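Asks: The structure is given below, and queries will be raised subsequently.
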There are 2 protein chains.
Amino acid sequence: MLALTILGNNSAIPAFDRFPTSQVLQSPEEGYLIDCGEGTQMQLSRYKIRRSRINHIFISHLHGDHYFGLIGLITSMSLMGRTQDLHIYASPPLLPILQLQLEAANTILSFKFYFHPLTAPGLILDNSKIQVSAFSVKHRIECWGFLFKENRNPRKIDPVRVKSFEIPSSFYEKLQKGEDYVTKKGTIIPNDEVTIAAPLPKTYGYCADTIYDESLIDKIIGVDLLYHETTYLQDNEKKAAARFHSTTMQAGAIAKKAGVKRLLIGHFSARYEILDPFLEEVITVFPNTELALDGVTYRI
Amino acid sequence: MLALTILGNNSAIPAFDRFPTSQVLQSPEEGYLIDCGEGTQMQLSRYKIRRSRINHIFISHLHGDHYFGLIGLITSMSLMGRTQDLHIYASPPLLPILQLQLEAANTILSFKFYFHPLTAPGLILDNSKIQVSAFSVKHRIECWGFLFKENRNPRKIDPVRVKSFEIPSSFYEKLQKGEDYVTKKGTIIPNDEVTIAAPLPKTYGYCADTIYDESLIDKIIGVDLLYHETTYLQDNEKKAAARFHSTTMQAGAIAKKAGVKRLLIGHFSARYEILDPFLEEVITVFPNTELALDGVTYRI
């Protein structure tokens, strides 16, 4: 069970009451903050997402519209007396930026904060609930995409059926892992006769700011939900490429080639007040697409 | 003619849709930005204040609620293609904070930006229209208040009366400066018989974040408008002092002792949703007081 709440969907310059990039991927246990543009802490308040749910923050790259809200969020967490650890995953130059600002204010944070520098693609977090991997994205500066993958829950034992087959409780853990049971007489009780599979683990791919790049496909293949930027409509394809951004049709093409289940588009340029044309263009290539809208939660 | 627009009136943690501290002092020619908390660029858009009017930014101190919005504002100005110079007045540690963030994004600003480090009290800007002085304020870290004083316009010549006294036009400049005219026969024509005084120059005093401190009085004596913080209501006097902030009654006392014409109070703690009690308390000491409210413009 994952759900994604958009806190900001705009590109570089905030406009039309659209905030710069920030999202929270929500699991039943906690919220994973992805990018943190200016005003993220206000958006968290506006959409009633408790800061205490956030223990991990992933910053894709060091363009300001993806992280200028981070120092304010951290500072407020401290002023509110947070004690839980906080983990930040980002390119190495972010650490001295944060430190310098904390030092200038003589701030000693009320909680421990761990900085995890992103230096190579691969697994960056694996707790019992979720695995997060970083992958390289082609943008004007070093940029990371993130793949979130729920860890699969163990199979659920059917209490009536295990009893009817007289399976001892000492074998339950193996059943949860999918093993078949063999009776003393040698009869095989197939696992799926006595257990129920947990729901398929969900996956979310976040491609950050990216030029059209087919090498992304392998990294997000088949995900349940893909976020791909569409800074520009298709008629601005050249401008998009020059600025290492993507267009509608390009986002749709990546989603289609990667066989993802659903596509969410965002990072709209401040030149566009009306967003409908983005959706109209993308669905011609990839129908199962939605606009990432501030304040909206998308169930995965 | 000065007018002050409030962009943010809240203390450290944004709350109840109140933004952290930022104000624009508007003259007919330009806007002087005072402090720049997170979200200032959004507030400028919301209240339709053009960024191009802002050439001078004054930062009182390096607590985040007074400057975390600066890097975003500067970056957006550059993305929008600004070419005018920008001047920033602040404590020296701000410069490397800004530079590090620009470097991390490979940003080369589209305009020249001049950093004026505040290291001693005194005059920091004097253009033909306004004089700005910085003065020391007692807070947890180095903190500056600002006094804005319009330069007085020259006296206006009364065209009918100068003619009737047969004063030669070569003397007009001296008349504008206030000199009397002496005729060839030795008769003195008093200046105010032939000129009209320009309106009295207006003054605005900004006391930033401050503990109750009577040494401020000399610095803002008799100003037309005084901004004094009131982070807390009177019953939190001890907490205010411990955090180097002020209460309602303290702000009122400073305004009264300094004989200012009008008092504006702000920097309200996030613990208060309703602000009326602030006003109710202050006016018992200093009646001509108003709440600094986001989006409201106060004529000086």
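By convention here, the chains of the structure tokens are called A, B, ... in the order presented, each chain's residues are numbered starting at 1, and ligands are numbered starting at 1 in the order presented.
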For B:Ile217, work out the shell of residues within 8 Å, counting only C-alpha atoms and skipping chain neighbours fewer than 3 positions away, then give it as an mmCIF file with N, CA and C atoms, in the first residue's frame.

Replies:
```
data_model
loop_
_atom_site.group_PDB
_atom_site.id
_atom_site.type_symbol
_atom_site.label_atom_id
_atom_site.label_comp_id
_atom_site.auth_asym_id
_atom_site.auth_seq_id
_atom_site.Cartn_x
_atom_site.Cartn_y
_atom_site.Cartn_z
ATOM 1 N N GLU B 214 16.166 49.277 25.724
ATOM 2 C CA GLU B 214 15.920 50.718 25.657
ATOM 3 C C GLU B 214 16.994 51.467 24.876
ATOM 4 N N ILE B 220 15.619 55.126 16.849
ATOM 5 C CA ILE B 220 14.385 55.237 16.059
ATOM 6 C C ILE B 220 13.485 56.346 16.605
ATOM 7 N N ILE B 221 14.100 57.290 17.300
ATOM 8 C CA ILE B 221 13.313 58.325 17.984
ATOM 9 C C ILE B 221 12.462 59.120 16.983
ATOM 10 N N ILE B 254 8.616 50.765 24.055
ATOM 11 C CA ILE B 254 9.678 51.336 23.211
ATOM 12 C C ILE B 254 9.090 52.426 22.310
ATOM 13 N N ALA B 255 7.942 52.133 21.705
ATOM 14 C CA ALA B 255 7.302 53.117 20.815
ATOM 15 C C ALA B 255 6.974 54.397 21.570
ATOM 16 N N LYS B 257 8.318 55.525 24.499
ATOM 17 C CA LYS B 257 9.514 56.233 24.954
ATOM 18 C C LYS B 257 10.254 56.896 23.799
ATOM 19 N N ALA B 258 10.141 56.327 22.593
ATOM 20 C CA ALA B 258 10.826 56.913 21.430
ATOM 21 C C ALA B 258 9.958 57.976 20.766
#
```

Asks: With only C-alpha atoms counted and 10 Å as the cut-off, give the residues of chain B in contact with chain A, each with its shortest interatomic distance in Å and the pair that gives it, as JSON lines.

Replies:
```
{"residue": "B:Ala12", "atom": "CA", "partner": "A:Ser76", "partner_atom": "CA", "distance": 7.3}
{"residue": "B:Ile13", "atom": "CA", "partner": "A:Ser76", "partner_atom": "CA", "distance": 5.7}
{"residue": "B:Pro14", "atom": "CA", "partner": "A:Met42", "partner_atom": "CA", "distance": 6.7}
{"residue": "B:Ala15", "atom": "CA", "partner": "A:Met42", "partner_atom": "CA", "distance": 7.7}
{"residue": "B:Phe16", "atom": "CA", "partner": "A:Ser45", "partner_atom": "CA", "distance": 8.7}
{"residue": "B:Asp17", "atom": "CA", "partner": "A:Met42", "partner_atom": "CA", "distance": 7.7}
{"residue": "B:Arg18", "atom": "CA", "partner": "A:Met42", "partner_atom": "CA", "distance": 9.4}
{"residue": "B:Phe19", "atom": "CA", "partner": "A:Met42", "partner_atom": "CA", "distance": 8.5}
{"residue": "B:Gly37", "atom": "CA", "partner": "A:Gly72", "partner_atom": "CA", "distance": 9.3}
{"residue": "B:Glu38", "atom": "CA", "partner": "A:Gly39", "partner_atom": "CA", "distance": 6.5}
{"residue": "B:Gly39", "atom": "CA", "partner": "A:Gly39", "partner_atom": "CA", "distance": 5.7}
{"residue": "B:Thr40", "atom": "CA", "partner": "A:Gly39", "partner_atom": "CA", "distance": 9.5}
{"residue": "B:Gln41", "atom": "CA", "partner": "A:Pro14", "partner_atom": "CA", "distance": 8.0}
{"residue": "B:Met42", "atom": "CA", "partner": "A:Pro14", "partner_atom": "CA", "distance": 6.7}
{"residue": "B:Gln43", "atom": "CA", "partner": "A:Asp17", "partner_atom": "CA", "distance": 9.9}
{"residue": "B:Ser45", "atom": "CA", "partner": "A:Ala15", "partner_atom": "CA", "distance": 7.8}
{"residue": "B:Arg46", "atom": "CA", "partner": "A:Asp17", "partner_atom": "CA", "distance": 8.1}
{"residue": "B:His61", "atom": "CA", "partner": "A:Ala105", "partner_atom": "CA", "distance": 8.4}
{"residue": "B:Leu62", "atom": "CA", "partner": "A:Ala105", "partner_atom": "CA", "distance": 5.5}
{"residue": "B:His63", "atom": "CA", "partner": "A:Ala105", "partner_atom": "CA", "distance": 5.1}
{"residue": "B:Gly64", "atom": "CA", "partner": "A:Gly72", "partner_atom": "CA", "distance": 6.7}
{"residue": "B:Asp65", "atom": "CA", "partner": "A:Gly72", "partner_atom": "CA", "distance": 7.8}
{"residue": "B:Tyr67", "atom": "CA", "partner": "A:Gly72", "partner_atom": "CA", "distance": 9.9}
{"residue": "B:Phe68", "atom": "CA", "partner": "A:Gly72", "partner_atom": "CA", "distance": 6.8}
{"residue": "B:Gly69", "atom": "CA", "partner": "A:Glu38", "partner_atom": "CA", "distance": 7.5}
{"residue": "B:Leu70", "atom": "CA", "partner": "A:Phe68", "partner_atom": "CA", "distance": 9.7}
{"residue": "B:Ile71", "atom": "CA", "partner": "A:Phe68", "partner_atom": "CA", "distance": 7.7}
{"residue": "B:Gly72", "atom": "CA", "partner": "A:Gly64", "partner_atom": "CA", "distance": 6.7}
{"residue": "B:Leu73", "atom": "CA", "partner": "A:Ile13", "partner_atom": "CA", "distance": 9.1}
{"residue": "B:Thr75", "atom": "CA", "partner": "A:Gly64", "partner_atom": "CA", "distance": 7.7}
{"residue": "B:Ser76", "atom": "CA", "partner": "A:Ile13", "partner_atom": "CA", "distance": 5.7}
{"residue": "B:Met77", "atom": "CA", "partner": "A:Ile13", "partner_atom": "CA", "distance": 9.0}
{"residue": "B:Leu79", "atom": "CA", "partner": "A:Ile13", "partner_atom": "CA", "distance": 7.6}
{"residue": "B:Met80", "atom": "CA", "partner": "A:Ile13", "partner_atom": "CA", "distance": 8.4}
{"residue": "B:Ser91", "atom": "CA", "partner": "A:Ala104", "partner_atom": "CA", "distance": 9.4}
{"residue": "B:Pro92", "atom": "CA", "partner": "A:Ala104", "partner_atom": "CA", "distance": 9.7}
{"residue": "B:Pro93", "atom": "CA", "partner": "A:Ala104", "partner_atom": "CA", "distance": 6.5}
{"residue": "B:Leu94", "atom": "CA", "partner": "A:Ala104", "partner_atom": "CA", "distance": 7.8}
{"residue": "B:Pro96", "atom": "CA", "partner": "A:Leu100", "partner_atom": "CA", "distance": 8.3}
{"residue": "B:Ile97", "atom": "CA", "partner": "A:Leu100", "partner_atom": "CA", "distance": 6.4}
{"residue": "B:Leu98", "atom": "CA", "partner": "A:Ile97", "partner_atom": "CA", "distance": 8.9}
{"residue": "B:Gln99", "atom": "CA", "partner": "A:Ile97", "partner_atom": "CA", "distance": 9.6}
{"residue": "B:Leu100", "atom": "CA", "partner": "A:Ile97", "partner_atom": "CA", "distance": 6.4}
{"residue": "B:Gln101", "atom": "CA", "partner": "A:Ile97", "partner_atom": "CA", "distance": 6.7}
{"residue": "B:Leu102", "atom": "CA", "partner": "A:Gly64", "partner_atom": "CA", "distance": 8.8}
{"residue": "B:Glu103", "atom": "CA", "partner": "A:Pro93", "partner_atom": "CA", "distance": 9.3}
{"residue": "B:Ala104", "atom": "CA", "partner": "A:Leu62", "partner_atom": "CA", "distance": 6.0}
{"residue": "B:Ala105", "atom": "CA", "partner": "A:His63", "partner_atom": "CA", "distance": 5.1}
{"residue": "B:Asn106", "atom": "CA", "partner": "A:Ile141", "partner_atom": "CA", "distance": 7.5}
{"residue": "B:Thr107", "atom": "CA", "partner": "A:His63", "partner_atom": "CA", "distance": 8.8}
{"residue": "B:Arg140", "atom": "CA", "partner": "A:Asn106", "partner_atom": "CA", "distance": 8.6}
{"residue": "B:Ile141", "atom": "CA", "partner": "A:Ala105", "partner_atom": "CA", "distance": 6.9}
{"residue": "B:Glu142", "atom": "CA", "partner": "A:Ala105", "partner_atom": "CA", "distance": 9.2}
```

Asks: Looking at only C-alpha atoms, which of B:Pro277, B:Gly222, B:Pro159, B:Gly186 is the one that sits closest to B:Arg262?

Replies: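 Counting only C-alpha atoms, the residue closest to B:Arg262 is B:Gly222.
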
Asks: Can you pull out the residues contacting A:Glu29? Cut-off 12 Å, using only C-alpha atoms, and skip same-chain residues under 6 positions away; I want them as a PDB file with C-alpha atoms, in the first residue's frame.

Replies:
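Writing the result to out.pdb gives the following:
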```pdb
ATOM      1  CA  MET A   1       0.000   0.000   0.000  1.00  0.00           C
ATOM      2  CA  LEU A   2       1.733   3.121  -1.239  1.00  0.00           C
ATOM      3  CA  ALA A   3       0.291   6.503  -2.103  1.00  0.00           C
ATOM      4  CA  SER A  52       7.013  13.375  12.216  1.00  0.00           C
ATOM      5  CA  ARG A  53       6.076  10.808   9.533  1.00  0.00           C
ATOM      6  CA  ILE A  54       9.122  11.833   7.501  1.00  0.00           C
ATOM      7  CA  ASN A  55      12.378  10.105   8.365  1.00  0.00           C
ATOM      8  CA  ASN A 127      14.353  -1.299   5.783  1.00  0.00           C
ATOM      9  CA  SER A 128      11.853  -4.048   6.466  1.00  0.00           C
ATOM     10  CA  LYS A 129       9.212  -2.229   4.463  1.00  0.00           C
ATOM     11  CA  ILE A 130      10.808  -0.696   1.416  1.00  0.00           C
ATOM     12  CA  GLU A 150       7.938  -2.398  -1.293  1.00  0.00           C
TER      13      GLU A 150
END
```

Asks: What does the distance between atom CA of A:Phe278 and atom CA of A:Asn9 come to in Å, to one decimal place?

Replies: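 Going from atom CA of A:Phe278 over to atom CA of A:Asn9, I get 12.8 Å.
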
Asks: Using only C-alpha atoms, which residues sit within 10 Å of A:Thr297 once same-chain residues fewer than 2 positions away are excluded, as a PyMOL selection string?

Replies: chain A and resi 3-7+23-26+47+292-295+299-300

Asks: Output N, CA and C atoms of each residue in that selection to a file, as a PDB file, in the first residue's frame.

Replies:
```pdb
ATOM      1  N   ALA A   3       1.034   5.408  -1.489  1.00  0.00           N
ATOM      2  CA  ALA A   3       0.291   6.503  -2.103  1.00  0.00           C
ATOM      3  C   ALA A   3       1.233   7.697  -2.206  1.00  0.00           C
ATOM      4  N   LEU A   4       1.089   8.423  -3.290  1.00  0.00           N
ATOM      5  CA  LEU A   4       1.996   9.545  -3.537  1.00  0.00           C
ATOM      6  C   LEU A   4       1.227  10.853  -3.450  1.00  0.00           C
ATOM      7  N   THR A   5       1.679  11.764  -2.579  1.00  0.00           N
ATOM      8  CA  THR A   5       1.049  13.079  -2.485  1.00  0.00           C
ATOM      9  C   THR A   5       1.984  14.125  -3.087  1.00  0.00           C
ATOM     10  N   ILE A   6       1.436  14.906  -4.003  1.00  0.00           N
ATOM     11  CA  ILE A   6       2.231  15.955  -4.656  1.00  0.00           C
ATOM     12  C   ILE A   6       2.171  17.229  -3.812  1.00  0.00           C
ATOM     13  N   LEU A   7       3.345  17.767  -3.467  1.00  0.00           N
ATOM     14  CA  LEU A   7       3.407  19.028  -2.723  1.00  0.00           C
ATOM     15  C   LEU A   7       3.771  20.197  -3.634  1.00  0.00           C
ATOM     16  N   GLN A  23       7.395  15.857  -3.274  1.00  0.00           N
ATOM     17  CA  GLN A  23       6.391  14.795  -3.210  1.00  0.00           C
ATOM     18  C   GLN A  23       6.620  13.991  -1.934  1.00  0.00           C
ATOM     19  N   VAL A  24       5.546  13.392  -1.423  1.00  0.00           N
ATOM     20  CA  VAL A  24       5.699  12.436  -0.318  1.00  0.00           C
ATOM     21  C   VAL A  24       5.138  11.102  -0.747  1.00  0.00           C
ATOM     22  N   LEU A  25       5.986  10.084  -0.724  1.00  0.00           N
ATOM     23  CA  LEU A  25       5.510   8.728  -0.975  1.00  0.00           C
ATOM     24  C   LEU A  25       5.114   8.162   0.386  1.00  0.00           C
ATOM     25  N   GLN A  26       3.826   7.857   0.527  1.00  0.00           N
ATOM     26  CA  GLN A  26       3.323   7.456   1.827  1.00  0.00           C
ATOM     27  C   GLN A  26       3.078   5.959   1.914  1.00  0.00           C
ATOM     28  N   TYR A  47      -1.473  20.501   3.523  1.00  0.00           N
ATOM     29  CA  TYR A  47      -2.080  19.212   3.195  1.00  0.00           C
ATOM     30  C   TYR A  47      -2.061  18.241   4.383  1.00  0.00           C
ATOM     31  N   ALA A 292       0.290  15.506 -12.354  1.00  0.00           N
ATOM     32  CA  ALA A 292       0.654  15.632 -10.940  1.00  0.00           C
ATOM     33  C   ALA A 292       0.166  17.001 -10.464  1.00  0.00           C
ATOM     34  N   LEU A 293      -0.803  17.014  -9.581  1.00  0.00           N
ATOM     35  CA  LEU A 293      -1.386  18.275  -9.124  1.00  0.00           C
ATOM     36  C   LEU A 293      -1.115  18.477  -7.638  1.00  0.00           C
ATOM     37  N   ASP A 294      -0.703  19.687  -7.267  1.00  0.00           N
ATOM     38  CA  ASP A 294      -0.400  20.004  -5.876  1.00  0.00           C
ATOM     39  C   ASP A 294      -1.571  19.606  -4.970  1.00  0.00           C
ATOM     40  N   GLY A 295      -1.262  18.861  -3.941  1.00  0.00           N
ATOM     41  CA  GLY A 295      -2.265  18.523  -2.941  1.00  0.00           C
ATOM     42  C   GLY A 295      -3.023  17.240  -3.237  1.00  0.00           C
ATOM     43  N   ARG A 299      -3.072   6.947  -5.362  1.00  0.00           N
ATOM     44  CA  ARG A 299      -2.865   5.615  -4.781  1.00  0.00           C
ATOM     45  C   ARG A 299      -2.087   4.756  -5.765  1.00  0.00           C
ATOM     46  N   ILE A 300      -1.151   3.986  -5.256  1.00  0.00           N
ATOM     47  CA  ILE A 300      -0.354   3.120  -6.129  1.00  0.00           C
ATOM     48  C   ILE A 300      -0.797   1.677  -5.910  1.00  0.00           C
TER      49      ILE A 300
END
```

Asks: Give me, as a list in words, all polymer residues having an atom no more than 9 Å from stretch 198-202 of chain A, counting only C-alpha atoms and skipping those fewer than 5 positions away in the same chain.

Replies: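 With the cut-off at 9 Å, the set is Met1, Leu2, Phe148, Lys149, Glu150, Asn151, Arg152, Asn153, Pro154, Arg155, Lys156, Val223, Asp224, Leu225 and Ile300 of chain A.
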
Asks: Excluding A:Ser170 and residues on its chain fewer than 6 positions from it, collect all residues at most 12 Å away from it, counting only C-alpha atoms, and give them as a list in words.

Replies: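 What passes the distance filter is Val162, Gln176 and Tyr181 of chain A.
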
Asks: Choose the residue, out of B:Ala208, B:Leu275, B:Leu33, B:Leu86, that has the smallest atom-to-atom separation from B:Ser136; count only C-alpha atoms.

Replies: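 Among the listed residues, the smallest separation from B:Ser136 belongs to B:Ala208.
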
Asks: Could you name the residues that touch stretch 109-115 of chain B at 7 Å or less, counting only C-alpha atoms, but leaving out those on the same chain fewer than 5 positions away, as a list in words?

Replies: Ser78, Gly81, Arg82, Thr83, Gln84, Asp85, Leu86, His87, Ile88 and Tyr89 of chain B

Asks: Enumerate the residues of stretch 106-267 of chain A with a DSSP assignment of strand (DSSP E or B), computed from the backbone, and present them as JSON, numbers by chain.

Replies: {"A": [113, 114, 115, 116, 117, 122, 123, 124, 125, 126, 130, 131, 132, 133, 134, 135, 136, 137, 143, 144, 145, 146, 147, 148, 149, 150, 156, 157, 181, 182, 188, 189, 195, 196, 203, 204, 205, 206, 225, 226, 227, 228, 229, 232, 247, 263, 264, 265, 266]}

Asks: What would the file look like if the residues just selected were written as an mmCIF file, in the first residue's frame with C-alpha atoms?

Replies:
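Written file, selection-v2.cif:
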```
data_model
loop_
_atom_site.group_PDB
_atom_site.id
_atom_site.type_symbol
_atom_site.label_atom_id
_atom_site.label_comp_id
_atom_site.auth_asym_id
_atom_site.auth_seq_id
_atom_site.Cartn_x
_atom_site.Cartn_y
_atom_site.Cartn_z
ATOM 1 C CA PHE A 113 20.671 13.952 11.116
ATOM 2 C CA TYR A 114 22.489 11.527 8.849
ATOM 3 C CA PHE A 115 23.697 12.621 5.460
ATOM 4 C CA HIS A 116 24.009 9.841 2.887
ATOM 5 C CA PRO A 117 26.013 11.157 -0.065
ATOM 6 C CA GLY A 122 22.405 1.251 -6.399
ATOM 7 C CA LEU A 123 20.490 0.436 -3.265
ATOM 8 C CA ILE A 124 20.495 3.341 -0.800
ATOM 9 C CA LEU A 125 17.876 2.199 1.724
ATOM 10 C CA ASP A 126 16.453 -1.164 2.675
ATOM 11 C CA ILE A 130 10.808 -0.696 1.416
ATOM 12 C CA GLN A 131 13.854 -0.727 -0.815
ATOM 13 C CA VAL A 132 15.039 2.485 -2.403
ATOM 14 C CA SER A 133 17.570 2.558 -5.222
ATOM 15 C CA ALA A 134 19.166 5.560 -6.878
ATOM 16 C CA PHE A 135 19.872 5.668 -10.595
ATOM 17 C CA SER A 136 21.652 8.251 -12.728
ATOM 18 C CA VAL A 137 19.561 10.698 -14.706
ATOM 19 C CA CYS A 143 20.989 14.164 -10.999
ATOM 20 C CA TRP A 144 19.488 11.060 -9.412
ATOM 21 C CA GLY A 145 16.255 9.202 -9.988
ATOM 22 C CA PHE A 146 14.795 6.934 -7.331
ATOM 23 C CA LEU A 147 13.090 3.582 -7.508
ATOM 24 C CA PHE A 148 10.919 2.641 -4.549
ATOM 25 C CA LYS A 149 9.977 -1.005 -4.150
ATOM 26 C CA GLU A 150 7.938 -2.398 -1.293
ATOM 27 C CA LYS A 156 -0.694 -15.170 5.254
ATOM 28 C CA ILE A 157 -1.580 -18.474 6.916
ATOM 29 C CA TYR A 181 4.426 -29.081 3.730
ATOM 30 C CA VAL A 182 5.194 -32.797 3.553
ATOM 31 C CA ILE A 188 2.713 -32.990 -0.245
ATOM 32 C CA ILE A 189 0.409 -30.190 0.874
ATOM 33 C CA THR A 195 -1.667 -19.761 2.741
ATOM 34 C CA ILE A 196 -2.748 -16.636 0.944
ATOM 35 C CA THR A 203 6.831 0.042 -7.160
ATOM 36 C CA TYR A 204 7.275 3.735 -7.838
ATOM 37 C CA GLY A 205 9.834 5.266 -10.185
ATOM 38 C CA TYR A 206 10.820 8.920 -9.898
ATOM 39 C CA LEU A 225 3.604 4.280 -11.129
ATOM 40 C CA LEU A 226 6.179 6.300 -13.016
ATOM 41 C CA TYR A 227 6.743 10.002 -12.464
ATOM 42 C CA HIS A 228 8.332 11.585 -15.517
ATOM 43 C CA GLU A 229 8.817 15.294 -15.977
ATOM 44 C CA TYR A 232 7.320 21.562 -21.954
ATOM 45 C CA THR A 247 8.280 17.084 -23.414
ATOM 46 C CA LEU A 263 2.283 7.588 -15.650
ATOM 47 C CA LEU A 264 2.255 10.808 -13.652
ATOM 48 C CA ILE A 265 3.561 13.960 -15.336
ATOM 49 C CA GLY A 266 4.779 17.167 -13.719
#
```

Asks: Just list as a PyMOL selection string whatever in stretch 34-117 of chain A DSSP marks as helix (DSSP H, G or I).

Replies: chain A and resi 40-46+51-53+64-66+70-79+94-104

Asks: Print the selection's residues with C-alpha atoms to a file, as a compact mmCIF listing (two decimals), in the first residue's frame.

Replies:
```
# COMPACT_ATOMS: atom_id res chain seq x y z
CA THR A 40 7.62 22.44 1.12
CA GLN A 41 7.11 22.94 4.85
CA MET A 42 4.13 25.20 4.14
CA GLN A 43 2.70 22.62 1.75
CA LEU A 44 3.09 19.87 4.35
CA SER A 45 1.02 22.01 6.72
CA ARG A 46 -1.53 22.86 4.06
CA ARG A 51 6.53 16.14 9.68
CA SER A 52 7.01 13.37 12.22
CA ARG A 53 6.08 10.81 9.53
CA GLY A 64 17.13 25.15 -6.17
CA ASP A 65 13.60 24.23 -7.16
CA HIS A 66 14.37 20.74 -5.83
CA LEU A 70 15.07 21.66 2.87
CA ILE A 71 16.92 23.91 5.31
CA GLY A 72 13.64 25.52 6.37
CA LEU A 73 11.99 22.16 6.91
CA ILE A 74 14.92 20.83 8.95
CA THR A 75 15.07 23.99 11.04
CA SER A 76 11.34 23.89 11.75
CA MET A 77 11.53 20.20 12.70
CA SER A 78 14.17 21.16 15.24
CA LEU A 79 12.21 24.15 16.56
CA LEU A 94 24.48 19.63 -0.19
CA LEU A 95 26.07 18.82 3.15
CA PRO A 96 28.27 21.94 3.49
CA ILE A 97 25.36 24.09 2.26
CA LEU A 98 23.21 22.82 5.13
CA GLN A 99 26.05 23.00 7.65
CA LEU A 100 26.95 26.58 6.76
CA GLN A 101 23.37 27.69 7.28
CA LEU A 102 23.06 25.88 10.60
CA GLU A 103 26.34 27.41 11.77
CA ALA A 104 25.34 30.93 10.73
```

Asks: To one decimal place, how far is atom CA of B:Gly8 from atom CA of B:Asp35 in Å?

Replies: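 A separation of 9.4 Å between them.
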